[in-house]
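Below is my_file38.cif, holding mmCIF, C-alpha atoms.
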```
data_final
#
loop_
_atom_site.label_atom_id
_atom_site.label_comp_id
_atom_site.auth_asym_id
_atom_site.auth_seq_id
_atom_site.Cartn_x
_atom_site.Cartn_y
_atom_site.Cartn_z
CA MET A 1 -10.44 -9.53 7.34
CA ASP A 2 -7.21 -10.63 9.04
CA LYS A 3 -5.32 -9.88 5.82
CA LEU A 4 -6.77 -6.36 5.69
CA ILE A 5 -5.71 -5.75 9.30
CA LYS A 6 -2.22 -7.05 8.56
CA LEU A 7 -2.03 -4.83 5.46
CA SER A 8 -3.21 -1.82 7.51
CA ASN A 9 -0.61 -2.56 10.18
CA TRP A 10 2.09 -2.91 7.50
CA PHE A 11 1.29 0.58 6.16
CA GLU A 12 1.11 2.10 9.66
CA GLU A 13 4.57 0.78 10.46
CA ARG A 14 5.93 2.70 7.47
CA ILE A 15 3.57 5.70 7.20
CA ASP A 16 2.31 7.56 10.25
CA LEU A 17 -1.46 7.84 9.73
CA SER A 18 -2.28 8.86 13.29
CA GLY A 19 -2.99 12.46 12.24
CA VAL A 20 -5.43 11.32 9.54
CA LYS A 21 -7.19 8.99 11.96
CA LYS A 22 -7.44 11.70 14.60
CA PHE A 23 -8.91 14.11 12.04
CA ALA A 24 -11.40 11.50 10.82
CA ASP A 25 -12.52 10.75 14.38
CA LYS A 26 -13.14 14.42 15.17
CA LYS A 27 -14.64 15.48 11.83
CA VAL A 28 -18.44 15.83 12.04
CA VAL A 29 -21.19 17.10 9.72
CA PRO A 30 -24.21 19.13 10.91
CA VAL A 31 -27.58 17.38 10.68
CA HIS A 32 -30.67 19.51 10.00
CA ARG A 33 -33.64 19.72 7.63
CA GLN A 34 -31.50 20.76 4.66
CA HIS A 35 -28.37 18.70 5.22
CA PHE A 36 -29.09 16.52 2.14
CA TRP A 37 -27.71 19.36 -0.01
CA TYR A 38 -24.26 18.59 1.40
CA GLY A 39 -24.06 15.51 -0.83
CA ILE A 40 -24.31 17.40 -4.13
CA GLY A 41 -20.69 18.53 -3.98
CA GLY A 42 -19.54 14.93 -3.46
CA ILE A 43 -21.59 13.78 -6.46
CA THR A 44 -19.98 16.49 -8.59
CA LEU A 45 -16.51 15.39 -7.44
CA PHE A 46 -17.39 11.75 -8.21
CA LEU A 47 -18.46 12.71 -11.75
CA PHE A 48 -15.21 14.66 -12.20
CA VAL A 49 -13.20 11.55 -11.27
CA THR A 50 -15.32 9.58 -13.77
CA GLN A 51 -14.41 12.16 -16.41
CA ILE A 52 -10.71 11.73 -15.65
CA ILE A 53 -10.86 7.93 -15.94
CA THR A 54 -12.94 7.82 -19.14
CA GLY A 55 -10.93 10.70 -20.63
CA ILE A 56 -7.66 8.82 -20.14
CA LEU A 57 -9.16 5.74 -21.82
CA LEU A 58 -10.33 7.81 -24.80
CA LEU A 59 -6.93 9.49 -25.01
CA LEU A 60 -5.34 6.12 -25.80
CA TYR A 61 -7.00 6.15 -29.24
CA TYR A 62 -7.84 9.78 -29.98
CA ARG A 63 -5.77 11.72 -32.54
CA PRO A 64 -6.05 15.54 -32.31
CA ALA A 65 -5.76 16.52 -35.96
CA ALA A 66 -8.36 17.77 -38.43
CA ASP A 67 -7.72 14.89 -40.84
CA SER A 68 -7.88 12.15 -38.19
CA ALA A 69 -9.89 13.32 -35.15
CA TYR A 70 -13.28 12.31 -36.52
CA GLU A 71 -11.96 8.97 -37.78
CA SER A 72 -10.30 8.20 -34.43
CA VAL A 73 -13.58 8.80 -32.55
CA GLN A 74 -15.37 6.68 -35.16
CA PHE A 75 -12.81 3.93 -34.57
CA ILE A 76 -13.37 4.16 -30.80
CA MET A 77 -17.12 3.80 -31.26
CA THR A 78 -17.08 0.98 -33.82
CA SER A 79 -13.89 -1.04 -33.31
CA VAL A 80 -12.62 -0.59 -29.75
CA ARG A 81 -14.31 -2.98 -27.31
CA TYR A 82 -16.84 -0.98 -25.27
CA GLY A 83 -15.43 2.18 -26.82
CA TRP A 84 -18.90 3.48 -27.63
CA LEU A 85 -19.88 3.01 -23.99
CA ILE A 86 -16.80 4.79 -22.64
CA ARG A 87 -17.40 7.73 -24.97
CA SER A 88 -21.08 7.92 -24.03
CA ILE A 89 -20.22 7.81 -20.32
CA HIS A 90 -17.67 10.59 -20.88
CA SER A 91 -20.14 12.77 -22.79
CA TRP A 92 -23.13 12.19 -20.51
CA GLY A 93 -20.88 12.50 -17.47
CA ALA A 94 -19.69 15.93 -18.60
CA ASN A 95 -23.28 17.15 -18.87
CA LEU A 96 -24.29 15.66 -15.52
CA MET A 97 -21.21 17.11 -13.84
CA ILE A 98 -22.05 20.62 -15.04
CA PHE A 99 -25.72 20.13 -14.06
CA PHE A 100 -24.77 19.11 -10.51
CA LEU A 101 -22.25 21.95 -10.35
CA PHE A 102 -25.07 24.41 -11.01
CA VAL A 103 -27.26 22.69 -8.41
CA HIS A 104 -24.39 22.76 -5.90
CA MET A 105 -23.70 26.43 -6.59
CA PHE A 106 -27.31 27.56 -6.19
CA SER A 107 -27.92 25.40 -3.11
CA THR A 108 -24.80 26.93 -1.55
CA PHE A 109 -26.04 30.39 -2.52
CA PHE A 110 -29.53 29.96 -1.05
CA MET A 111 -28.11 28.44 2.15
CA LYS A 112 -25.82 31.52 2.40
CA ALA A 113 -22.87 29.19 2.91
CA TYR A 114 -20.56 31.87 1.48
CA ARG A 115 -20.67 33.97 4.64
CA LYS A 116 -17.64 34.47 6.86
CA PRO A 117 -15.24 32.65 7.06
CA ARG A 118 -16.12 30.79 3.82
CA GLU A 119 -15.73 33.59 1.27
CA MET A 120 -12.73 31.93 -0.39
CA THR A 121 -14.55 28.60 -0.50
CA TRP A 122 -17.30 30.24 -2.55
CA ILE A 123 -14.83 32.05 -4.84
CA SER A 124 -12.82 28.88 -5.51
CA GLY A 125 -16.09 27.02 -6.21
CA ALA A 126 -17.15 29.71 -8.70
CA ILE A 127 -13.76 29.40 -10.43
CA LEU A 128 -14.28 25.62 -10.61
CA LEU A 129 -17.62 26.20 -12.36
CA VAL A 130 -15.92 28.45 -14.93
CA LEU A 131 -13.25 25.79 -15.47
CA ALA A 132 -15.92 23.11 -15.89
CA LEU A 133 -17.68 25.23 -18.53
CA ALA A 134 -14.32 25.69 -20.27
CA PHE A 135 -13.87 21.89 -20.19
CA GLY A 136 -17.27 21.47 -21.82
CA PHE A 137 -16.60 24.13 -24.46
CA SER A 138 -13.16 22.81 -25.41
CA GLY A 139 -14.18 19.15 -25.35
CA TYR A 140 -17.24 19.75 -27.53
CA LEU A 141 -15.05 20.40 -30.60
CA LEU A 142 -12.76 17.38 -30.22
CA PRO A 143 -14.91 14.86 -32.18
CA TRP A 144 -14.60 17.33 -35.10
CA ASN A 145 -18.17 16.82 -36.31
CA LYS A 146 -20.32 19.36 -38.14
CA LEU A 147 -22.47 20.39 -35.17
CA ALA A 148 -19.45 20.95 -32.90
CA PHE A 149 -17.59 22.82 -35.64
CA PHE A 150 -20.32 25.40 -36.22
CA ALA A 151 -21.25 25.65 -32.53
CA THR A 152 -17.60 26.44 -31.76
CA LYS A 153 -17.60 29.01 -34.55
CA VAL A 154 -20.65 30.71 -33.03
CA GLY A 155 -19.24 30.48 -29.49
CA THR A 156 -15.86 31.97 -30.36
CA GLU A 157 -17.49 34.76 -32.36
CA MET A 158 -19.06 35.93 -29.10
CA ALA A 159 -15.55 36.62 -27.80
CA ALA A 160 -14.85 38.92 -30.75
CA VAL A 161 -17.52 41.32 -29.50
CA VAL A 162 -15.52 42.19 -26.36
CA PRO A 163 -14.39 45.82 -26.74
CA PHE A 164 -10.74 46.54 -27.63
CA ILE A 165 -9.40 43.00 -27.03
CA GLY A 166 -12.12 40.91 -28.70
CA LYS A 167 -10.20 40.17 -31.91
CA TYR A 168 -7.14 39.12 -29.91
CA ILE A 169 -9.23 36.75 -27.77
CA LEU A 170 -10.76 35.33 -30.95
CA ARG A 171 -7.37 34.66 -32.51
CA PHE A 172 -6.07 33.17 -29.26
CA LEU A 173 -9.00 30.75 -29.04
CA ARG A 174 -9.02 29.78 -32.71
CA GLY A 175 -5.30 29.88 -33.38
CA GLY A 176 -6.12 32.12 -36.36
CA ASP A 177 -9.01 33.98 -37.89
CA GLU A 178 -11.15 30.92 -38.62
CA VAL A 179 -11.99 27.62 -36.93
CA THR A 180 -9.45 25.20 -38.43
CA GLY A 181 -7.29 22.25 -37.47
CA ALA A 182 -5.20 24.69 -35.42
CA THR A 183 -8.30 25.40 -33.33
CA LEU A 184 -8.80 21.68 -32.76
CA THR A 185 -5.18 21.21 -31.65
CA ARG A 186 -5.41 24.26 -29.39
CA PHE A 187 -8.67 23.09 -27.79
CA PHE A 188 -7.14 19.65 -27.27
CA GLY A 189 -4.24 21.25 -25.41
CA PHE A 190 -6.66 23.24 -23.26
CA HIS A 191 -8.78 20.16 -22.56
CA VAL A 192 -6.10 17.65 -21.59
CA ALA A 193 -3.31 19.84 -20.16
CA LEU A 194 -4.03 23.44 -19.22
CA LEU A 195 -7.53 23.03 -17.76
CA PRO A 196 -6.77 19.82 -15.81
CA MET A 197 -3.70 21.45 -14.24
CA ALA A 198 -5.63 24.57 -13.24
CA THR A 199 -8.57 22.51 -11.99
CA PHE A 200 -6.33 20.28 -9.86
CA PHE A 201 -4.85 23.20 -7.91
CA VAL A 202 -8.16 25.06 -7.48
CA LEU A 203 -9.96 21.85 -6.50
CA MET A 204 -7.33 20.94 -3.90
CA PHE A 205 -7.58 24.45 -2.45
CA HIS A 206 -11.40 24.17 -2.40
CA LEU A 207 -11.37 20.77 -0.66
CA VAL A 208 -8.80 21.88 1.92
CA LEU A 209 -10.99 24.87 2.80
CA ILE A 210 -14.06 22.67 3.14
CA GLN A 211 -12.27 20.22 5.43
CA ALA A 212 -10.72 22.99 7.51
CA GLN A 213 -13.91 25.08 7.91
CA GLY A 214 -16.54 22.34 7.96
CA MET A 215 -20.08 22.50 6.61
CA SER A 216 -22.10 25.68 7.00
CA VAL A 217 -25.54 25.72 8.63
CA PRO A 218 -28.12 27.86 6.74
CA THR A 219 -28.88 31.21 8.37
CA SER A 220 -32.58 30.30 8.53
CA LEU A 221 -31.77 27.24 10.66
CA GLU A 222 -28.80 28.52 12.66
CA LYS A 223 -30.72 29.55 15.79
CA GLU A 224 -32.68 26.30 15.77
CA TYR A 225 -29.46 24.33 15.32
CA GLU A 226 -27.71 26.17 18.16
CA LYS A 227 -30.50 25.23 20.53
CA LYS A 228 -30.42 21.58 19.58
CA PRO A 229 -27.23 20.74 17.66
CA ARG A 230 -27.09 17.37 15.89
CA THR A 231 -24.12 15.96 14.03
CA MET A 232 -23.00 12.82 12.27
CA LYS A 233 -19.46 11.54 11.94
CA PHE A 234 -17.83 12.38 8.62
CA PHE A 235 -16.29 8.92 8.51
CA PRO A 236 -17.90 6.49 8.04
CA ASP A 237 -21.48 7.85 8.32
CA PHE A 238 -21.37 10.79 5.92
CA ILE A 239 -19.04 9.02 3.49
CA LEU A 240 -21.45 6.06 3.30
CA ARG A 241 -24.38 8.41 2.63
CA ASP A 242 -22.30 10.05 -0.09
CA ALA A 243 -21.48 6.65 -1.54
CA VAL A 244 -25.20 5.94 -1.98
CA GLY A 245 -25.46 9.13 -4.05
CA TRP A 246 -22.40 8.14 -6.10
CA LEU A 247 -23.83 4.70 -6.87
CA THR A 248 -27.19 6.23 -7.82
CA VAL A 249 -25.55 8.68 -10.22
CA LEU A 250 -23.34 5.92 -11.61
CA GLY A 251 -26.48 3.89 -12.32
CA LEU A 252 -28.11 6.89 -14.02
CA LEU A 253 -24.96 7.46 -16.05
CA GLY A 254 -24.91 3.82 -17.14
CA VAL A 255 -28.58 3.91 -18.18
CA LEU A 256 -28.14 7.12 -20.19
CA ALA A 257 -24.96 5.87 -21.87
CA ALA A 258 -26.45 2.46 -22.75
CA LEU A 259 -29.94 3.53 -23.85
CA PHE A 260 -29.02 6.88 -25.40
CA PRO A 261 -25.49 6.49 -26.79
CA TRP A 262 -23.87 9.79 -27.73
CA GLU A 263 -24.12 10.39 -31.48
CA LEU A 264 -21.08 11.24 -33.58
CA GLY A 265 -22.84 12.96 -36.48
CA GLU A 266 -21.23 14.06 -39.75
CA LYS A 267 -17.60 15.06 -40.13
CA ALA A 268 -16.88 18.80 -39.97
CA ASP A 269 -16.68 20.60 -43.31
CA ALA A 270 -15.69 24.24 -43.30
CA PHE A 271 -17.25 24.71 -46.76
CA ALA A 272 -20.62 23.19 -45.84
CA SER A 273 -23.56 25.35 -44.81
CA ALA A 274 -24.32 25.62 -41.10
CA PRO A 275 -27.09 23.31 -39.80
CA MET A 276 -30.45 24.95 -39.11
CA GLY A 277 -31.02 26.13 -35.54
CA ILE A 278 -27.37 25.87 -34.56
CA LYS A 279 -26.81 26.66 -30.88
CA PRO A 280 -24.15 25.99 -28.20
CA GLU A 281 -24.41 23.37 -25.47
CA TRP A 282 -27.39 23.66 -23.11
CA TYR A 283 -25.41 25.34 -20.33
CA PHE A 284 -24.59 28.28 -22.64
CA VAL A 285 -27.99 28.48 -24.33
CA PHE A 286 -29.47 31.08 -21.96
CA LEU A 287 -26.60 33.46 -22.78
CA PHE A 288 -26.93 32.71 -26.50
CA GLN A 289 -30.68 33.40 -26.37
CA THR A 290 -30.12 36.61 -24.42
CA LEU A 291 -27.78 37.97 -27.08
CA LYS A 292 -30.39 37.25 -29.76
CA TYR A 293 -32.74 39.76 -28.09
CA ILE A 294 -30.14 42.52 -27.84
CA PRO A 295 -30.54 45.20 -30.56
CA GLY A 296 -27.57 45.91 -32.78
CA ARG A 297 -27.20 49.49 -31.52
CA ILE A 298 -27.92 50.89 -28.06
CA LEU A 299 -27.42 54.66 -27.77
CA SER A 300 -25.05 54.57 -30.77
CA LEU A 301 -23.00 51.81 -29.08
CA ASN A 302 -22.60 48.18 -30.16
CA GLY A 303 -25.45 46.30 -28.48
CA GLU A 304 -23.65 42.94 -28.34
CA ALA A 305 -20.55 44.53 -26.85
CA LEU A 306 -22.64 46.17 -24.13
CA ALA A 307 -24.40 42.86 -23.45
CA ILE A 308 -21.08 40.98 -23.15
CA PHE A 309 -19.77 43.71 -20.85
CA ALA A 310 -22.92 43.49 -18.68
CA ILE A 311 -22.64 39.69 -18.54
CA GLY A 312 -19.01 40.02 -17.47
CA LEU A 313 -19.97 42.40 -14.68
CA GLY A 314 -22.72 40.02 -13.62
CA ILE A 315 -20.25 37.12 -13.42
CA LEU A 316 -17.84 39.22 -11.34
CA PHE A 317 -20.69 40.22 -9.02
CA TRP A 318 -21.65 36.56 -8.61
CA VAL A 319 -18.06 35.47 -7.88
CA PHE A 320 -17.62 38.15 -5.20
CA VAL A 321 -21.17 38.05 -3.83
CA PRO A 322 -19.95 37.23 -0.27
CA PHE A 323 -18.52 40.73 -0.04
CA PHE A 324 -21.78 42.38 -1.16
CA ASP A 325 -24.22 40.43 1.02
CA HIS A 326 -23.57 42.28 4.28
CA ARG A 327 -26.69 40.94 6.04
CA ALA A 328 -25.65 37.33 5.49
CA GLN A 329 -22.21 38.16 6.89
CA LYS A 330 -23.98 39.25 10.08
CA ASN A 331 -26.05 36.01 10.11
CA LEU A 332 -29.22 37.99 9.31
CA PRO A 333 -31.90 37.07 6.75
CA SER A 334 -30.85 38.26 3.29
CA ARG A 335 -34.08 38.39 1.30
CA THR A 336 -32.72 40.71 -1.41
CA PHE A 337 -30.00 38.27 -2.42
CA THR A 338 -32.38 35.34 -2.14
CA ILE A 339 -34.69 37.10 -4.61
CA ILE A 340 -31.72 37.78 -6.90
CA GLY A 341 -30.91 34.05 -6.86
CA ILE A 342 -34.52 33.06 -7.59
CA VAL A 343 -34.75 35.56 -10.47
CA LEU A 344 -31.50 34.22 -11.94
CA VAL A 345 -32.64 30.58 -11.74
CA VAL A 346 -36.00 31.41 -13.34
CA TYR A 347 -34.28 33.49 -16.04
CA ILE A 348 -31.87 30.68 -16.94
CA LEU A 349 -34.70 28.12 -17.13
CA VAL A 350 -37.04 30.36 -19.13
CA MET A 351 -34.42 31.49 -21.66
CA THR A 352 -33.21 27.92 -22.13
CA ALA A 353 -36.77 26.67 -22.64
CA ILE A 354 -37.53 29.45 -25.15
CA SER A 355 -34.42 28.59 -27.13
CA TYR A 356 -35.26 24.90 -27.41
CA ILE A 357 -39.02 25.29 -27.92
CA PHE A 358 -39.21 28.26 -30.27
CA SER A 359 -35.85 28.14 -32.09
#
```

Please re-express this file's structure in structure tokens.
Amino acid sequence: MDKLIKLSNWFEERIDLSGVKKFADKKVVPVHRQHFWYGIGGITLFLFVTQIITGILLLLYYRPAADSAYESVQFIMTSVRYGWLIRSIHSWGANLMIFFLFVHMFSTFFMKAYRKPREMTWISGAILLVLALAFGFSGYLLPWNKLAFFATKVGTEMAAVVPFIGKYILRFLRGGDEVTGATLTRFFGFHVALLPMATFFVLMFHLVLIQAQGMSVPTSLEKEYEKKPRTMKFFPDFILRDAVGWLTVLGLLGVLAALFPWELGEKADAFASAPMGIKPEWYFVFLFQTLKYIPGRILSLNGEALAIFAIGLGILFWVFVPFFDHRAQKNLPSRTFTIIGIVLVVYILVMTAISYIFS
């Protein structure tokens, strides 16, 4: 303990940490019936850090080329000590991170935490979700196995449906007209350079906003909280509660990675037939299933193009929802938007279940 104090004093003599200490002493978190939702964002951040660490370890052995990518992942899983475990943690961690991102987004939505002055916090969080989905989509192809190859082919074909610019988006994503080694190299660049850089800046902006504005109290509990406000100190109380969630998720991640190691499958072959029931990753399945129900022509227009356009409008509406929910901005009950959120959650769950059960 004396050594830690001496080390702390040594740093304080060289780096002025008084501002950080003052901020930590004053920073508090509201305590109410729904305050447990505050920890979901921290769990998501913890999983993102896990992805960075395991991704760097995998990068030491991975080779992003069509003739060596599969073999390099195979080498990691069979010859590198604990390589199979690191890859499983990375793969399971990506899925858990996206799952908790969705939970965090919808809990924030239902608590109306996007109301003034937190509009930009919501928008930056929505951008982070899009970046996380892009991480998942780009990383899925990197093992260069058959399932990832054809799923990427299906996923990129959806971009071609976009009116006027679809074929250009397709060529940009694939690096050509077909999914080839150029696509793999391009996705690798997205996954390890472009997306991490963009995520870093957006994440820093998001975290600064959260620290500056504090945690929002749900509109349904605001009057009750004003009458009898309760808070806990951010450090160490809230951090310790967050740490319990991190350790729990780390344990879950370890169990999933050890008991259900992520399969590698067969190597990609552009001349092989597509596997039966091919579909994208689970977080895109509801969109994939939706497009299957869209007729080819709607009022003499391309049905898929209209569906993609409608989905794009829906995403824009969701990103900028703080500016549409005027009642929440006035701290009034916003039942219409709550119903919209419930319908969206039910729709995602139902369409995903239909895809996996009946397809």

Next on the checklist: Once the PyMOL selection byres ((chain A and resi 158) around 12) is applied to the coordinates I shared, what remains selected? I want it as JSON, numbers by chain.
Outcome noted: {"A": [151, 152, 153, 154, 155, 156, 157, 159, 160, 161, 162, 163, 166, 167, 169, 170, 173, 280, 284, 287, 288, 291, 292, 304, 305, 306, 307, 308, 309, 311]}

I need the chosen residues saved as an mmCIF file, keeping the file's coordinate frame, with C-alpha atoms.
```
data_model
loop_
_atom_site.group_PDB
_atom_site.id
_atom_site.type_symbol
_atom_site.label_atom_id
_atom_site.label_comp_id
_atom_site.auth_asym_id
_atom_site.auth_seq_id
_atom_site.Cartn_x
_atom_site.Cartn_y
_atom_site.Cartn_z
ATOM 1 C CA ALA A 151 -21.250 25.650 -32.530
ATOM 2 C CA THR A 152 -17.600 26.440 -31.760
ATOM 3 C CA LYS A 153 -17.600 29.010 -34.550
ATOM 4 C CA VAL A 154 -20.650 30.710 -33.030
ATOM 5 C CA GLY A 155 -19.240 30.480 -29.490
ATOM 6 C CA THR A 156 -15.860 31.970 -30.360
ATOM 7 C CA GLU A 157 -17.490 34.760 -32.360
ATOM 8 C CA ALA A 159 -15.550 36.620 -27.800
ATOM 9 C CA ALA A 160 -14.850 38.920 -30.750
ATOM 10 C CA VAL A 161 -17.520 41.320 -29.500
ATOM 11 C CA VAL A 162 -15.520 42.190 -26.360
ATOM 12 C CA PRO A 163 -14.390 45.820 -26.740
ATOM 13 C CA GLY A 166 -12.120 40.910 -28.700
ATOM 14 C CA LYS A 167 -10.200 40.170 -31.910
ATOM 15 C CA ILE A 169 -9.230 36.750 -27.770
ATOM 16 C CA LEU A 170 -10.760 35.330 -30.950
ATOM 17 C CA LEU A 173 -9.000 30.750 -29.040
ATOM 18 C CA PRO A 280 -24.150 25.990 -28.200
ATOM 19 C CA PHE A 284 -24.590 28.280 -22.640
ATOM 20 C CA LEU A 287 -26.600 33.460 -22.780
ATOM 21 C CA PHE A 288 -26.930 32.710 -26.500
ATOM 22 C CA LEU A 291 -27.780 37.970 -27.080
ATOM 23 C CA LYS A 292 -30.390 37.250 -29.760
ATOM 24 C CA GLU A 304 -23.650 42.940 -28.340
ATOM 25 C CA ALA A 305 -20.550 44.530 -26.850
ATOM 26 C CA LEU A 306 -22.640 46.170 -24.130
ATOM 27 C CA ALA A 307 -24.400 42.860 -23.450
ATOM 28 C CA ILE A 308 -21.080 40.980 -23.150
ATOM 29 C CA PHE A 309 -19.770 43.710 -20.850
ATOM 30 C CA ILE A 311 -22.640 39.690 -18.540
#
```

Item to check | Selection result of the PyMOL selection byres ((chain A and resi 351) around 10) on this file, as number ranges by chain | outcome: A: 285-290, 346-350, 352-357

Name the residues that the PyMOL selection byres ((chain A and resi 211) around 12) pulls out of this structure, and write them as a CSV table (one decimal) with C-alpha atoms, in the coordinates of the input.
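This is the output file result15.csv:
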```csv
chain,number,residue,atom,x,y,z
A,20,VAL,CA,-5.4,11.3,9.5
A,23,PHE,CA,-8.9,14.1,12.0
A,24,ALA,CA,-11.4,11.5,10.8
A,26,LYS,CA,-13.1,14.4,15.2
A,27,LYS,CA,-14.6,15.5,11.8
A,28,VAL,CA,-18.4,15.8,12.0
A,29,VAL,CA,-21.2,17.1,9.7
A,118,ARG,CA,-16.1,30.8,3.8
A,121,THR,CA,-14.6,28.6,-0.5
A,204,MET,CA,-7.3,20.9,-3.9
A,205,PHE,CA,-7.6,24.4,-2.4
A,206,HIS,CA,-11.4,24.2,-2.4
A,207,LEU,CA,-11.4,20.8,-0.7
A,208,VAL,CA,-8.8,21.9,1.9
A,209,LEU,CA,-11.0,24.9,2.8
A,210,ILE,CA,-14.1,22.7,3.1
A,212,ALA,CA,-10.7,23.0,7.5
A,213,GLN,CA,-13.9,25.1,7.9
A,214,GLY,CA,-16.5,22.3,8.0
A,215,MET,CA,-20.1,22.5,6.6
A,216,SER,CA,-22.1,25.7,7.0
A,234,PHE,CA,-17.8,12.4,8.6
```

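In this structure, CA of Ile76 in chain A sits 22.5 Å away from CA of Leu252 in chain A.
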
Show me as a tab-separated table (two decimals) with C-alpha atoms, keeping the file's coordinate frame the residues that reach within 12 Å of (-26.5, 28.2, 11.9), counting all atoms listed in the file and using the file's own coordinates.
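Once written, point30.tsv looks like this:
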```tsv
chain	number	residue	atom	x	y	z
A	30	PRO	CA	-24.21	19.13	10.91
A	31	VAL	CA	-27.58	17.38	10.68
A	32	HIS	CA	-30.67	19.51	10.00
A	33	ARG	CA	-33.64	19.72	7.63
A	34	GLN	CA	-31.50	20.76	4.66
A	35	HIS	CA	-28.37	18.70	5.22
A	111	MET	CA	-28.11	28.44	2.15
A	112	LYS	CA	-25.82	31.52	2.40
A	113	ALA	CA	-22.87	29.19	2.91
A	115	ARG	CA	-20.67	33.97	4.64
A	116	LYS	CA	-17.64	34.47	6.86
A	215	MET	CA	-20.08	22.50	6.61
A	216	SER	CA	-22.10	25.68	7.00
A	217	VAL	CA	-25.54	25.72	8.63
A	218	PRO	CA	-28.12	27.86	6.74
A	219	THR	CA	-28.88	31.21	8.37
A	220	SER	CA	-32.58	30.30	8.53
A	221	LEU	CA	-31.77	27.24	10.66
A	222	GLU	CA	-28.80	28.52	12.66
A	223	LYS	CA	-30.72	29.55	15.79
A	224	GLU	CA	-32.68	26.30	15.77
A	225	TYR	CA	-29.46	24.33	15.32
A	226	GLU	CA	-27.71	26.17	18.16
A	227	LYS	CA	-30.50	25.23	20.53
A	228	LYS	CA	-30.42	21.58	19.58
A	229	PRO	CA	-27.23	20.74	17.66
A	230	ARG	CA	-27.09	17.37	15.89
A	328	ALA	CA	-25.65	37.33	5.49
A	329	GLN	CA	-22.21	38.16	6.89
A	330	LYS	CA	-23.98	39.25	10.08
A	331	ASN	CA	-26.05	36.01	10.11
A	332	LEU	CA	-29.22	37.99	9.31
A	333	PRO	CA	-31.90	37.07	6.75
```

Go through range 26-114 of chain A and flag each residue having an atom no more than 8 Å from range 236-251 of chain A; for those, report the closest pair of atoms plus their distance in Å to one decimal, using only C-alpha atoms, ordered by chain and rising number, as a tab-separated table.
```
residue	atom	partner	partner_atom	distance
A:Val29	CA	A:Phe238	CA	7.4
A:Gly39	CA	A:Asp242	CA	5.8
A:Gly42	CA	A:Asp242	CA	6.5
A:Ile43	CA	A:Trp246	CA	5.7
A:Phe46	CA	A:Trp246	CA	6.5
```

Checklist entry - For Ser273 in chain A, which of A:Leu133, A:Leu85, A:Ile52, A:Phe150 is the closest residue, counting all atoms listed in the file? => result A:Phe150

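In this structure, CA of Val73 in chain A sits 26.1 Å away from CA of Leu45 in chain A.
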
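Counting from CA of Ala272 in chain A, the distance to CA of Ala66 in chain A is 15.3 Å.
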
Polymer residues at most 6 Å from range 94-109 of chain A, all atoms listed in the file, same-chain spacing of 5 or more positions, as a PDB file with C-alpha atoms, keeping the file's coordinate frame:
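Output (result26.pdb):
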```pdb
ATOM      1  CA  ILE A  40     -24.310  17.400  -4.130  1.00  0.00           C
ATOM      2  CA  GLY A  41     -20.690  18.530  -3.980  1.00  0.00           C
ATOM      3  CA  THR A  44     -19.980  16.490  -8.590  1.00  0.00           C
ATOM      4  CA  LEU A  47     -18.460  12.710 -11.750  1.00  0.00           C
TER       5      LEU A  47
END
```

Checklist outcome for this item: Counting all atoms listed in the file, closest pick from A:Phe187, A:Ser88, A:Lys21, A:Ala69 relative to Phe260 in chain A is A:Ser88

Around the point (-7.7, 20.5, -7.7), in the coordinates given by the file, pick out the residues reaching within 12 Å, counting all atoms listed in the file, and return them as a PDB file with C-alpha atoms, in the frame of the given file.
```pdb
ATOM      1  CA  LEU A  45     -16.510  15.390  -7.440  1.00  0.00           C
ATOM      2  CA  PHE A  48     -15.210  14.660 -12.200  1.00  0.00           C
ATOM      3  CA  VAL A  49     -13.200  11.550 -11.270  1.00  0.00           C
ATOM      4  CA  SER A 124     -12.820  28.880  -5.510  1.00  0.00           C
ATOM      5  CA  GLY A 125     -16.090  27.020  -6.210  1.00  0.00           C
ATOM      6  CA  ILE A 127     -13.760  29.400 -10.430  1.00  0.00           C
ATOM      7  CA  LEU A 128     -14.280  25.620 -10.610  1.00  0.00           C
ATOM      8  CA  LEU A 131     -13.250  25.790 -15.470  1.00  0.00           C
ATOM      9  CA  ALA A 132     -15.920  23.110 -15.890  1.00  0.00           C
ATOM     10  CA  LEU A 195      -7.530  23.030 -17.760  1.00  0.00           C
ATOM     11  CA  PRO A 196      -6.770  19.820 -15.810  1.00  0.00           C
ATOM     12  CA  MET A 197      -3.700  21.450 -14.240  1.00  0.00           C
ATOM     13  CA  ALA A 198      -5.630  24.570 -13.240  1.00  0.00           C
ATOM     14  CA  THR A 199      -8.570  22.510 -11.990  1.00  0.00           C
ATOM     15  CA  PHE A 200      -6.330  20.280  -9.860  1.00  0.00           C
ATOM     16  CA  PHE A 201      -4.850  23.200  -7.910  1.00  0.00           C
ATOM     17  CA  VAL A 202      -8.160  25.060  -7.480  1.00  0.00           C
ATOM     18  CA  LEU A 203      -9.960  21.850  -6.500  1.00  0.00           C
ATOM     19  CA  MET A 204      -7.330  20.940  -3.900  1.00  0.00           C
ATOM     20  CA  PHE A 205      -7.580  24.450  -2.450  1.00  0.00           C
ATOM     21  CA  HIS A 206     -11.400  24.170  -2.400  1.00  0.00           C
ATOM     22  CA  LEU A 207     -11.370  20.770  -0.660  1.00  0.00           C
ATOM     23  CA  VAL A 208      -8.800  21.880   1.920  1.00  0.00           C
ATOM     24  CA  LEU A 209     -10.990  24.870   2.800  1.00  0.00           C
TER      25      LEU A 209
END
```

Next on the checklist: So that I can see what lies close to Pro64 in chain A, please list as a PyMOL selection string the residues with an atom at most 12 Å from it, counting all atoms listed in the file and leaving out residues fewer than 5 positions away in the same chain.
Outcome noted: chain A and resi 58-59+69-73+139+141-144+180-192

Item to check | Spatial neighbours of range 261-271 of chain A, max dist 6 Å, only C-alpha atoms, sep filter under 3 positions, as a PyMOL selection string | outcome: chain A and resi 88+144-146+149+257-258
